[in-house]
Amino acid sequence: MNTDSAPGTQHAKRPDASAGTAGPPALALRGLVKRFDQTVAVAGLDLDVPTGSFFGLVGPNGAGKTTTLSMATGLMRPDAGTAFVLGHDVWSDPVAAKRLLGVLPDGLALFDRLTGAQLLEYIGRLHSLDRELAQQRAAELLDVLDLADAGDTLVVDYSAGMTKKIGLACALIHGPRILTLDEPFESVDPVSAATIRSILRSFAANGGTVVVSSHVMALVEQLCDHVAIIAGGQVLSSGALDDVRGTGSLEDRFVSLVGGHRELGEGLAWLRQSPG
Ligand SMILES: Nc1ncnc2c1ncn2[C@@H]1O[C@H](COP(=O)(O)OP(=O)(O)OP(=O)(O)O)[C@@H](O)[C@H]1O
């Protein structure tokens, strides 16, 4: 179902766990609001992410994607509204909600004076894995993400792409049911991107829910079965990918909802090279 919504529409309903047999959505966001001084980053946002979906969050710069994901995963407290993870309120029942979540935030701060292997073991232990299991999963994740050779290197010395991959490994180590990833392919080389894509596809194929934010429409169309277009801190359209994009491309739909780019016209004349 494509749920185009008028800006300003707000609801404050709990996700209905008894509706149908499918249970509550993986993520249910209800009336989320966040302001930073005069800036309204998220303006009464409602969104359901179906369990088992591969969900893409797209929107222009400053649309409120990162702020929304931060509130949805308990990293940032909303000014108003609620976020439910498989029916658990992120703020009133954080332990249950966070156990189900694996989160790769934008601009992730890691304990980067640890080696990759130490960091993963530490994160695993924070999630109550015993030492042996944490070490075993750490080694497997390092291997699958082509970081095995960097397992004994301090994370502070990792490249941007390696840091993204170790962040993904941290999000996966406790075996979450829902992965939320803010720009997971940014700074990642094509080979590593293919590795990440195959991990995410396999996670979703095995019943997990994946939520990614991305600016790359082609990637979202390739990976996701559901999508939401966000602008101005609100959902302009959401639903199954085919319903949202209709007969055109996702980019066409995005541009028609959000607006096209401005022609340069006579601007930046000083950048034009004079011949000779
Ligand atoms: N910590 C903050 N302090 C002040 N303003 C903020 C803060 N975080 C976000 N904003 C503002 O809130 C709005 C939404 O930002 P947000 O980062 O959520 O958008 P986004 O869709 O993730 O953008 P991008 O695609 O550029 O990463 C922007 O106007 C941004 O400047």
# chains A, B, ... in the order shown; residues from 1 in each chain; ligands from 1
>>> residues_around(residues="Arg113 in chain A", least_positions_apart="6", cutoff="10 Å", atoms="only C-alpha atoms", output="PyMOL selection string")
chain A and resi 119+153-157
>>> write_last_selection(atoms="N, CA and C atoms", output="mmCIF file, in the first residue's frame")
data_model
loop_
_atom_site.group_PDB
_atom_site.id
_atom_site.type_symbol
_atom_site.label_atom_id
_atom_site.label_comp_id
_atom_site.auth_asym_id
_atom_site.auth_seq_id
_atom_site.Cartn_x
_atom_site.Cartn_y
_atom_site.Cartn_z
ATOM 1 N N LEU A 119 37.515 -4.780 19.694
ATOM 2 C CA LEU A 119 36.278 -3.986 19.694
ATOM 3 C C LEU A 119 35.061 -4.909 19.553
ATOM 4 N N THR A 153 44.762 -4.609 14.058
ATOM 5 C CA THR A 153 45.084 -3.189 13.858
ATOM 6 C C THR A 153 44.122 -2.341 14.686
ATOM 7 N N LEU A 154 44.648 -1.256 15.270
ATOM 8 C CA LEU A 154 43.772 -0.347 16.016
ATOM 9 C C LEU A 154 42.726 0.265 15.078
ATOM 10 N N VAL A 155 41.511 0.363 15.536
ATOM 11 C CA VAL A 155 40.429 0.895 14.701
ATOM 12 C C VAL A 155 40.704 2.340 14.302
ATOM 13 N N VAL A 156 41.425 3.089 15.136
ATOM 14 C CA VAL A 156 41.757 4.474 14.798
ATOM 15 C C VAL A 156 42.581 4.545 13.515
ATOM 16 N N ASP A 157 43.271 3.464 13.200
ATOM 17 C CA ASP A 157 44.091 3.439 11.985
ATOM 18 C C ASP A 157 43.344 2.861 10.784
#
>>> select_by_dssp(residues="range 46-273 of chain A", states="strand (DSSP E or B)", output="ChimeraX atom specification")
/A:46-49,54-58,80-85,88-89,101-104,115,154,178-182,209-213,226-231,234-240
>>> write_last_selection(atoms="N, CA and C atoms", output="short mmCIF file (atom, residue, chain, number, x, y, z; two decimals), in the first residue's frame")
data_model
loop_
_atom_site.label_atom_id
_atom_site.label_comp_id
_atom_site.auth_asym_id
_atom_site.auth_seq_id
_atom_site.Cartn_x
_atom_site.Cartn_y
_atom_site.Cartn_z
N ASP A 46 5.18 9.79 10.98
CA ASP A 46 4.61 8.46 11.20
C ASP A 46 5.15 7.52 10.14
N LEU A 47 5.56 6.35 10.56
CA LEU A 47 6.06 5.38 9.58
C LEU A 47 5.99 3.97 10.15
N ASP A 48 5.55 3.03 9.34
CA ASP A 48 5.62 1.60 9.70
C ASP A 48 6.62 0.92 8.78
N VAL A 49 7.54 0.18 9.37
CA VAL A 49 8.47 -0.65 8.61
C VAL A 49 8.02 -2.10 8.81
N PHE A 54 12.99 -5.11 3.39
CA PHE A 54 14.25 -4.42 3.15
C PHE A 54 13.84 -3.01 2.79
N PHE A 55 13.97 -2.10 3.74
CA PHE A 55 13.31 -0.80 3.69
C PHE A 55 14.30 0.32 3.41
N GLY A 56 14.04 1.12 2.40
CA GLY A 56 14.92 2.24 2.06
C GLY A 56 14.31 3.56 2.48
N LEU A 57 15.13 4.38 3.11
CA LEU A 57 14.70 5.72 3.54
C LEU A 57 15.44 6.70 2.66
N VAL A 58 14.73 7.43 1.82
CA VAL A 58 15.40 8.38 0.94
C VAL A 58 14.86 9.78 1.18
N ALA A 80 8.58 14.89 20.89
CA ALA A 80 7.23 14.32 20.99
C ALA A 80 7.19 13.07 20.14
N GLY A 81 6.22 12.22 20.43
CA GLY A 81 6.05 11.00 19.65
C GLY A 81 6.77 9.81 20.26
N THR A 82 6.59 8.67 19.63
CA THR A 82 7.15 7.42 20.16
C THR A 82 7.67 6.55 19.03
N ALA A 83 8.55 5.63 19.42
CA ALA A 83 9.07 4.66 18.46
C ALA A 83 8.95 3.28 19.09
N PHE A 84 8.40 2.35 18.33
CA PHE A 84 8.23 0.98 18.81
C PHE A 84 9.08 0.04 17.96
N VAL A 85 9.77 -0.85 18.62
CA VAL A 85 10.55 -1.88 17.94
C VAL A 85 9.89 -3.22 18.21
N HIS A 88 7.88 -2.97 21.16
CA HIS A 88 8.48 -2.48 22.41
C HIS A 88 8.81 -0.99 22.26
N ASP A 89 8.34 -0.21 23.19
CA ASP A 89 8.62 1.22 23.18
C ASP A 89 10.11 1.46 23.48
N LEU A 101 17.71 -4.73 18.11
CA LEU A 101 18.22 -3.79 17.11
C LEU A 101 19.73 -3.92 16.89
N GLY A 102 20.14 -3.82 15.65
CA GLY A 102 21.55 -3.60 15.33
C GLY A 102 21.61 -2.26 14.62
N VAL A 103 22.47 -1.37 15.08
CA VAL A 103 22.44 0.01 14.59
C VAL A 103 23.80 0.42 14.05
N LEU A 104 23.80 0.93 12.83
CA LEU A 104 25.01 1.56 12.28
C LEU A 104 24.67 3.04 12.06
N THR A 115 41.75 -2.78 18.98
CA THR A 115 41.87 -3.38 17.65
C THR A 115 40.48 -3.81 17.20
N LEU A 154 44.65 -1.26 15.27
CA LEU A 154 43.77 -0.35 16.02
C LEU A 154 42.73 0.27 15.08
N ILE A 178 16.53 -6.67 13.68
CA ILE A 178 16.33 -5.50 12.83
C ILE A 178 17.66 -4.75 12.73
N LEU A 179 18.05 -4.44 11.51
CA LEU A 179 19.27 -3.67 11.30
C LEU A 179 18.90 -2.30 10.77
N THR A 180 19.36 -1.23 11.41
CA THR A 180 19.14 0.09 10.84
C THR A 180 20.51 0.70 10.52
N LEU A 181 20.66 1.09 9.28
CA LEU A 181 21.96 1.49 8.78
C LEU A 181 21.85 2.85 8.09
N ASP A 182 22.56 3.83 8.62
CA ASP A 182 22.53 5.17 8.04
C ASP A 182 23.67 5.27 7.03
N THR A 209 14.89 -7.79 9.32
CA THR A 209 14.40 -6.55 8.70
C THR A 209 15.59 -5.61 8.56
N VAL A 210 15.73 -5.01 7.39
CA VAL A 210 16.83 -4.07 7.18
C VAL A 210 16.26 -2.71 6.81
N VAL A 211 16.74 -1.67 7.49
CA VAL A 211 16.36 -0.30 7.15
C VAL A 211 17.64 0.44 6.79
N VAL A 212 17.70 0.95 5.55
CA VAL A 212 18.88 1.72 5.15
C VAL A 212 18.46 3.11 4.71
N SER A 213 19.25 4.10 5.07
CA SER A 213 19.06 5.41 4.45
C SER A 213 20.13 5.55 3.39
N HIS A 226 10.67 -2.07 0.07
CA HIS A 226 9.81 -1.01 0.57
C HIS A 226 10.63 0.27 0.67
N VAL A 227 9.95 1.40 0.59
CA VAL A 227 10.69 2.66 0.60
C VAL A 227 9.83 3.76 1.20
N ALA A 228 10.49 4.74 1.80
CA ALA A 228 9.79 5.95 2.23
C ALA A 228 10.57 7.15 1.71
N ILE A 229 9.84 8.10 1.14
CA ILE A 229 10.46 9.36 0.71
C ILE A 229 10.15 10.40 1.77
N ILE A 230 11.22 10.96 2.34
CA ILE A 230 11.09 11.92 3.45
C ILE A 230 11.60 13.28 2.99
N ALA A 231 10.88 14.31 3.33
CA ALA A 231 11.37 15.68 3.11
C ALA A 231 10.73 16.57 4.15
N GLN A 234 9.02 15.00 7.23
CA GLN A 234 7.77 14.23 7.15
C GLN A 234 7.87 13.20 6.04
N VAL A 235 7.02 12.19 6.15
CA VAL A 235 6.97 11.17 5.10
C VAL A 235 6.04 11.67 3.99
N LEU A 236 6.59 11.79 2.79
CA LEU A 236 5.75 12.23 1.66
C LEU A 236 5.08 11.04 0.99
N SER A 237 5.76 9.90 1.01
CA SER A 237 5.18 8.69 0.42
C SER A 237 5.90 7.49 1.01
N SER A 238 5.17 6.42 1.27
CA SER A 238 5.82 5.20 1.75
C SER A 238 4.99 4.00 1.35
N GLY A 239 5.66 2.87 1.25
CA GLY A 239 4.97 1.64 0.89
C GLY A 239 5.88 0.72 0.11
N ALA A 240 5.28 -0.25 -0.57
CA ALA A 240 6.07 -1.16 -1.41
C ALA A 240 6.73 -0.34 -2.51
#
>>> residues_near_ligand(ligand="ligand 1", cutoff="10 Å", atoms="only C-alpha atoms and all ligand atoms", output="PDB file with N, CA and C atoms, in the first residue's frame")
ATOM      1  N   LYS A  34      11.267  16.441  16.355  1.00  0.00           N
ATOM      2  CA  LYS A  34      12.546  16.890  16.939  1.00  0.00           C
ATOM      3  C   LYS A  34      12.886  18.277  16.408  1.00  0.00           C
ATOM      4  N   ARG A  35      13.158  19.169  17.341  1.00  0.00           N
ATOM      5  CA  ARG A  35      13.576  20.529  16.971  1.00  0.00           C
ATOM      6  C   ARG A  35      14.986  20.766  17.475  1.00  0.00           C
ATOM      7  N   PHE A  36      15.764  21.496  16.696  1.00  0.00           N
ATOM      8  CA  PHE A  36      17.055  22.011  17.164  1.00  0.00           C
ATOM      9  C   PHE A  36      16.950  23.530  17.090  1.00  0.00           C
ATOM     10  N   ASP A  37      16.756  24.184  18.202  1.00  0.00           N
ATOM     11  CA  ASP A  37      16.473  25.631  18.228  1.00  0.00           C
ATOM     12  C   ASP A  37      15.322  25.947  17.266  1.00  0.00           C
ATOM     13  N   GLN A  38      15.601  26.761  16.249  1.00  0.00           N
ATOM     14  CA  GLN A  38      14.522  27.152  15.321  1.00  0.00           C
ATOM     15  C   GLN A  38      14.270  26.105  14.235  1.00  0.00           C
ATOM     16  N   THR A  39      15.186  25.130  14.116  1.00  0.00           N
ATOM     17  CA  THR A  39      15.052  24.148  13.029  1.00  0.00           C
ATOM     18  C   THR A  39      14.164  22.984  13.452  1.00  0.00           C
ATOM     19  N   VAL A  40      13.121  22.739  12.681  1.00  0.00           N
ATOM     20  CA  VAL A  40      12.304  21.547  12.934  1.00  0.00           C
ATOM     21  C   VAL A  40      12.866  20.439  12.048  1.00  0.00           C
ATOM     22  N   ALA A  41      13.612  19.544  12.648  1.00  0.00           N
ATOM     23  CA  ALA A  41      14.273  18.479  11.872  1.00  0.00           C
ATOM     24  C   ALA A  41      13.283  17.388  11.508  1.00  0.00           C
ATOM     25  N   VAL A  42      12.405  17.040  12.432  1.00  0.00           N
ATOM     26  CA  VAL A  42      11.406  15.994  12.193  1.00  0.00           C
ATOM     27  C   VAL A  42      10.072  16.549  12.705  1.00  0.00           C
ATOM     28  N   LEU A  57      15.129   4.382   3.111  1.00  0.00           N
ATOM     29  CA  LEU A  57      14.698   5.716   3.540  1.00  0.00           C
ATOM     30  C   LEU A  57      15.444   6.700   2.657  1.00  0.00           C
ATOM     31  N   VAL A  58      14.729   7.434   1.822  1.00  0.00           N
ATOM     32  CA  VAL A  58      15.400   8.383   0.943  1.00  0.00           C
ATOM     33  C   VAL A  58      14.855   9.777   1.178  1.00  0.00           C
ATOM     34  N   GLY A  59      15.661  10.765   0.853  1.00  0.00           N
ATOM     35  CA  GLY A  59      15.225  12.152   1.035  1.00  0.00           C
ATOM     36  C   GLY A  59      16.399  13.068   0.762  1.00  0.00           C
ATOM     37  N   PRO A  60      16.121  14.331   0.471  1.00  0.00           N
ATOM     38  CA  PRO A  60      17.212  15.266   0.196  1.00  0.00           C
ATOM     39  C   PRO A  60      18.061  15.534   1.443  1.00  0.00           C
ATOM     40  N   ASN A  61      19.181  16.188   1.268  1.00  0.00           N
ATOM     41  CA  ASN A  61      20.012  16.581   2.405  1.00  0.00           C
ATOM     42  C   ASN A  61      19.177  17.396   3.375  1.00  0.00           C
ATOM     43  N   GLY A  62      19.309  17.055   4.656  1.00  0.00           N
ATOM     44  CA  GLY A  62      18.589  17.815   5.675  1.00  0.00           C
ATOM     45  C   GLY A  62      17.127  17.427   5.818  1.00  0.00           C
ATOM     46  N   ALA A  63      16.713  16.334   5.165  1.00  0.00           N
ATOM     47  CA  ALA A  63      15.293  15.921   5.197  1.00  0.00           C
ATOM     48  C   ALA A  63      14.866  15.435   6.576  1.00  0.00           C
ATOM     49  N   GLY A  64      15.835  14.965   7.358  1.00  0.00           N
ATOM     50  CA  GLY A  64      15.500  14.445   8.690  1.00  0.00           C
ATOM     51  C   GLY A  64      15.683  12.942   8.813  1.00  0.00           C
ATOM     52  N   LYS A  65      16.384  12.343   7.866  1.00  0.00           N
ATOM     53  CA  LYS A  65      16.560  10.870   7.881  1.00  0.00           C
ATOM     54  C   LYS A  65      17.381  10.432   9.094  1.00  0.00           C
ATOM     55  N   THR A  66      18.546  11.067   9.281  1.00  0.00           N
ATOM     56  CA  THR A  66      19.423  10.680  10.389  1.00  0.00           C
ATOM     57  C   THR A  66      18.738  10.919  11.734  1.00  0.00           C
ATOM     58  N   THR A  67      18.068  12.059  11.846  1.00  0.00           N
ATOM     59  CA  THR A  67      17.383  12.378  13.106  1.00  0.00           C
ATOM     60  C   THR A  67      16.283  11.357  13.366  1.00  0.00           C
ATOM     61  N   THR A  68      15.551  10.985  12.321  1.00  0.00           N
ATOM     62  CA  THR A  68      14.488   9.984  12.465  1.00  0.00           C
ATOM     63  C   THR A  68      15.067   8.641  12.919  1.00  0.00           C
ATOM     64  N   LEU A  69      16.130   8.207  12.234  1.00  0.00           N
ATOM     65  CA  LEU A  69      16.723   6.909  12.605  1.00  0.00           C
ATOM     66  C   LEU A  69      17.280   6.956  14.029  1.00  0.00           C
ATOM     67  N   SER A  70      17.838   8.102  14.418  1.00  0.00           N
ATOM     68  CA  SER A  70      18.391   8.215  15.773  1.00  0.00           C
ATOM     69  C   SER A  70      17.280   8.089  16.819  1.00  0.00           C
ATOM     70  N   MET A  71      16.132   8.695  16.536  1.00  0.00           N
ATOM     71  CA  MET A  71      15.017   8.592  17.493  1.00  0.00           C
ATOM     72  C   MET A  71      14.407   7.194  17.457  1.00  0.00           C
ATOM     73  N   MET A  76      18.463   9.141  20.260  1.00  0.00           N
ATOM     74  CA  MET A  76      18.112  10.550  20.477  1.00  0.00           C
ATOM     75  C   MET A  76      16.655  10.607  20.949  1.00  0.00           C
ATOM     76  N   ASP A 106      25.138   7.189  11.493  1.00  0.00           N
ATOM     77  CA  ASP A 106      26.005   8.041  10.692  1.00  0.00           C
ATOM     78  C   ASP A 106      27.048   8.627  11.636  1.00  0.00           C
ATOM     79  N   ASP A 182      22.563   3.826   8.624  1.00  0.00           N
ATOM     80  CA  ASP A 182      22.533   5.168   8.043  1.00  0.00           C
ATOM     81  C   ASP A 182      23.674   5.269   7.030  1.00  0.00           C
ATOM     82  N   GLU A 183      23.332   5.387   5.794  1.00  0.00           N
ATOM     83  CA  GLU A 183      24.314   5.504   4.696  1.00  0.00           C
ATOM     84  C   GLU A 183      25.395   4.413   4.776  1.00  0.00           C
ATOM     85  N   SER A 213      19.250   4.104   5.072  1.00  0.00           N
ATOM     86  CA  SER A 213      19.056   5.411   4.455  1.00  0.00           C
ATOM     87  C   SER A 213      20.125   5.551   3.389  1.00  0.00           C
ATOM     88  N   SER A 214      19.750   6.142   2.280  1.00  0.00           N
ATOM     89  CA  SER A 214      20.729   6.306   1.205  1.00  0.00           C
ATOM     90  C   SER A 214      20.293   7.424   0.275  1.00  0.00           C
ATOM     91  N   HIS A 215      21.279   8.047  -0.364  1.00  0.00           N
ATOM     92  CA  HIS A 215      20.963   9.033  -1.400  1.00  0.00           C
ATOM     93  C   HIS A 215      20.996   8.390  -2.767  1.00  0.00           C
ATOM     94  N   ILE A 230      11.220  10.959   2.339  1.00  0.00           N
ATOM     95  CA  ILE A 230      11.089  11.921   3.446  1.00  0.00           C
ATOM     96  C   ILE A 230      11.598  13.280   2.992  1.00  0.00           C
ATOM     97  N   ALA A 231      10.881  14.313   3.332  1.00  0.00           N
ATOM     98  CA  ALA A 231      11.374  15.682   3.106  1.00  0.00           C
ATOM     99  C   ALA A 231      10.733  16.573   4.151  1.00  0.00           C
ATOM    100  N   GLY A 232      11.497  17.561   4.596  1.00  0.00           N
ATOM    101  CA  GLY A 232      10.971  18.491   5.588  1.00  0.00           C
ATOM    102  C   GLY A 232      10.536  17.801   6.869  1.00  0.00           C
ATOM    103  N   GLY A 233      11.184  16.691   7.196  1.00  0.00           N
ATOM    104  CA  GLY A 233      10.870  15.998   8.455  1.00  0.00           C
ATOM    105  C   GLY A 233       9.566  15.230   8.446  1.00  0.00           C
TER     106      GLY A 233
END
>>> atom_distance(atom1="CA of Asp225 in chain A", atom2="CA of Leu75 in chain A")
25.9 Å
>>> atom_distance(atom1="CA of Ser53 in chain A", atom2="CA of Asp146 in chain A")
26.5 Å
